[in-house]
Every structure is written in structure tokens, then in C-alpha cells.
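Comments concern the structure below.
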Amino acid sequence: MPATLREGIRGVDALLPVDELGQPRPRWTLTWLEARPIAELDTGVIVELDEDGHAVVRHDDEDDFA
């Protein structure tokens with residue numbers, strides 16, 4: 001996995017609230033589409049690389065968590 005994608009994922013993880021009720025943290029799913037890695041959090045947050053290799057964070061508008 002490219003370092004820039006890992007940094008994007010870490011940035012999103014750092015923003016997740018600390019759970020005080022014992023709930024599990026959302027999990028990431030990593031897929032590759034057209035030779036590019038895409039990481040999607042269970043909540044619909046997506047981290048992917050743009051054409052220049054920079055991490056881009058967006059939200060899946062069709063996700064039920066929106």
C-alpha cells in the first residue's frame with residue numbers, strides 16, 4: 001500500500017471519536033480498482049489516490065451512514 005494512502009487512513013482514524021461504550025471501531029476495506037488502491041471505512045468514508053498520487057478523502061453519498 002502506498003505511504004500516502006496509509007497517511008490518509010491514519011488521518012481519518014485520528015478523527016474518529018473515542019468510544020467509551022465498548023463498541024467496535026469501524027473497519028477498513030482495501031480494494032484495488034484500475035491499479036489504484038481504495039480504502040473504505042464501514043461508515044462510508046473513502047480514502048483513495050488522485051492522479052498525482054495524493055490521498056483524497058471523500059464520503060460515499062449512497063452509504064446509509066450519510
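Here, A, B, ... name the chains of the C-alpha cells in the order displayed, residue numbers run from 1 inside each chain, and ligands are numbered from 1 in the same displayed order.
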Give me the stretch 27-46 of chain A side of the contact with stretch 11-20 of chain A, cut-off 10 Å, one line per residue showing its nearest atom pair and distance in Å at one decimal, counting only C-alpha atoms, sorted by chain and residue number, as a Markdown table.
| residue | atom | partner | partner_atom | distance |
| --- | --- | --- | --- | --- |
| A:Trp28 | CA | A:Asp13 | CA | 9.9 |
| A:Leu41 | CA | A:Val12 | CA | 9.2 |
| A:Val45 | CA | A:Val12 | CA | 8.4 |
| A:Ile46 | CA | A:Val12 | CA | 9.4 |
Once DSSP has gone over the backbone, tell me which residues of chain A are in strand (DSSP E), as a PDB file with N, CA and C atoms, in the first residue's frame.
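Result written to result_5.pdb:
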ATOM      1  N   TRP A  28     -11.833  -0.951   8.040  1.00  0.00           N
ATOM      2  CA  TRP A  28     -11.464  -0.554   6.691  1.00  0.00           C
ATOM      3  C   TRP A  28     -11.517  -1.759   5.755  1.00  0.00           C
ATOM      4  N   THR A  29     -11.900  -1.501   4.513  1.00  0.00           N
ATOM      5  CA  THR A  29     -11.817  -2.487   3.445  1.00  0.00           C
ATOM      6  C   THR A  29     -10.925  -1.894   2.361  1.00  0.00           C
ATOM      7  N   LEU A  30      -9.924  -2.642   1.958  1.00  0.00           N
ATOM      8  CA  LEU A  30      -8.994  -2.184   0.926  1.00  0.00           C
ATOM      9  C   LEU A  30      -9.266  -2.952  -0.354  1.00  0.00           C
ATOM     10  N   THR A  31      -9.496  -2.218  -1.436  1.00  0.00           N
ATOM     11  CA  THR A  31      -9.677  -2.831  -2.751  1.00  0.00           C
ATOM     12  C   THR A  31      -8.792  -2.098  -3.745  1.00  0.00           C
ATOM     13  N   TRP A  32      -8.618  -2.706  -4.891  1.00  0.00           N
ATOM     14  CA  TRP A  32      -7.839  -2.093  -5.964  1.00  0.00           C
ATOM     15  C   TRP A  32      -8.756  -1.968  -7.171  1.00  0.00           C
ATOM     16  N   LEU A  33      -8.842  -0.781  -7.729  1.00  0.00           N
ATOM     17  CA  LEU A  33      -9.649  -0.531  -8.906  1.00  0.00           C
ATOM     18  C   LEU A  33      -8.778   0.157  -9.939  1.00  0.00           C
ATOM     19  N   ARG A  36      -5.389   1.126  -8.752  1.00  0.00           N
ATOM     20  CA  ARG A  36      -5.298   2.121  -7.678  1.00  0.00           C
ATOM     21  C   ARG A  36      -5.943   1.571  -6.416  1.00  0.00           C
ATOM     22  N   PRO A  37      -5.289   1.773  -5.263  1.00  0.00           N
ATOM     23  CA  PRO A  37      -5.880   1.311  -4.001  1.00  0.00           C
ATOM     24  C   PRO A  37      -6.981   2.261  -3.538  1.00  0.00           C
ATOM     25  N   ILE A  38      -8.037   1.656  -2.988  1.00  0.00           N
ATOM     26  CA  ILE A  38      -9.145   2.426  -2.427  1.00  0.00           C
ATOM     27  C   ILE A  38      -9.474   1.817  -1.070  1.00  0.00           C
ATOM     28  N   ALA A  39      -9.443   2.627  -0.040  1.00  0.00           N
ATOM     29  CA  ALA A  39      -9.771   2.168   1.310  1.00  0.00           C
ATOM     30  C   ALA A  39     -11.114   2.778   1.694  1.00  0.00           C
ATOM     31  N   GLU A  40     -12.034   1.918   2.139  1.00  0.00           N
ATOM     32  CA  GLU A  40     -13.355   2.406   2.544  1.00  0.00           C
ATOM     33  C   GLU A  40     -13.642   1.968   3.970  1.00  0.00           C
ATOM     34  N   LEU A  41     -14.019   2.945   4.777  1.00  0.00           N
ATOM     35  CA  LEU A  41     -14.396   2.693   6.163  1.00  0.00           C
ATOM     36  C   LEU A  41     -15.856   2.250   6.186  1.00  0.00           C
ATOM     37  N   VAL A  45     -16.725   6.515   4.607  1.00  0.00           N
ATOM     38  CA  VAL A  45     -15.587   7.386   4.307  1.00  0.00           C
ATOM     39  C   VAL A  45     -14.648   6.622   3.380  1.00  0.00           C
ATOM     40  N   ILE A  46     -14.205   7.280   2.318  1.00  0.00           N
ATOM     41  CA  ILE A  46     -13.333   6.652   1.335  1.00  0.00           C
ATOM     42  C   ILE A  46     -12.039   7.448   1.236  1.00  0.00           C
ATOM     43  N   VAL A  47     -10.921   6.732   1.231  1.00  0.00           N
ATOM     44  CA  VAL A  47      -9.616   7.344   1.008  1.00  0.00           C
ATOM     45  C   VAL A  47      -9.047   6.687  -0.249  1.00  0.00           C
ATOM     46  N   GLU A  48      -8.714   7.510  -1.225  1.00  0.00           N
ATOM     47  CA  GLU A  48      -8.142   6.999  -2.467  1.00  0.00           C
ATOM     48  C   GLU A  48      -7.084   7.964  -2.964  1.00  0.00           C
ATOM     49  N   LEU A  49      -6.349   7.547  -3.957  1.00  0.00           N
ATOM     50  CA  LEU A  49      -5.296   8.389  -4.508  1.00  0.00           C
ATOM     51  C   LEU A  49      -5.785   9.074  -5.766  1.00  0.00           C
ATOM     52  N   ALA A  55      -3.428  11.480  -1.422  1.00  0.00           N
ATOM     53  CA  ALA A  55      -4.607  10.899  -0.786  1.00  0.00           C
ATOM     54  C   ALA A  55      -5.757  11.895  -0.800  1.00  0.00           C
ATOM     55  N   VAL A  56      -6.927  11.400  -1.184  1.00  0.00           N
ATOM     56  CA  VAL A  56      -8.148  12.205  -1.221  1.00  0.00           C
ATOM     57  C   VAL A  56      -9.174  11.504  -0.338  1.00  0.00           C
ATOM     58  N   VAL A  57      -9.785  12.259   0.575  1.00  0.00           N
ATOM     59  CA  VAL A  57     -10.804  11.708   1.464  1.00  0.00           C
ATOM     60  C   VAL A  57     -12.156  12.233   1.008  1.00  0.00           C
ATOM     61  N   ARG A  58     -13.104  11.311   0.847  1.00  0.00           N
ATOM     62  CA  ARG A  58     -14.461  11.701   0.463  1.00  0.00           C
ATOM     63  C   ARG A  58     -15.443  10.766   1.163  1.00  0.00           C
ATOM     64  N   HIS A  59     -16.711  11.041   0.996  1.00  0.00           N
ATOM     65  CA  HIS A  59     -17.742  10.213   1.598  1.00  0.00           C
ATOM     66  C   HIS A  59     -18.634   9.663   0.509  1.00  0.00           C
TER      67      HIS A  59
END
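For the set A:Leu21, A:Asp60, A:Ala35, A:Gly53, the residue with the smallest atom-to-atom gap to A:Arg6 is A:Gly53, counting only C-alpha atoms.
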All helix (DSSP H, G or I) positions in chain A, as JSON, numbers by chain
{"A": [3, 4, 5, 6, 7, 8, 9, 10, 11, 12, 13, 14, 15]}
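The coordinates place atom CA of A:Thr4 at 23.6 Å from atom CA of A:Asp61.
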Go ahead and compute the interatomic distance for atom CA of A:Ile9 and atom CA of A:Glu51, in Å to one decimal.
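Straight-line distance from atom CA of A:Ile9 to atom CA of A:Glu51 works out to 17.7 Å.
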Atom pair atom CA of A:Pro26 / atom CA of A:His54: separation (Å):
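Going from atom CA of A:Pro26 over to atom CA of A:His54, I get 23.4 Å.
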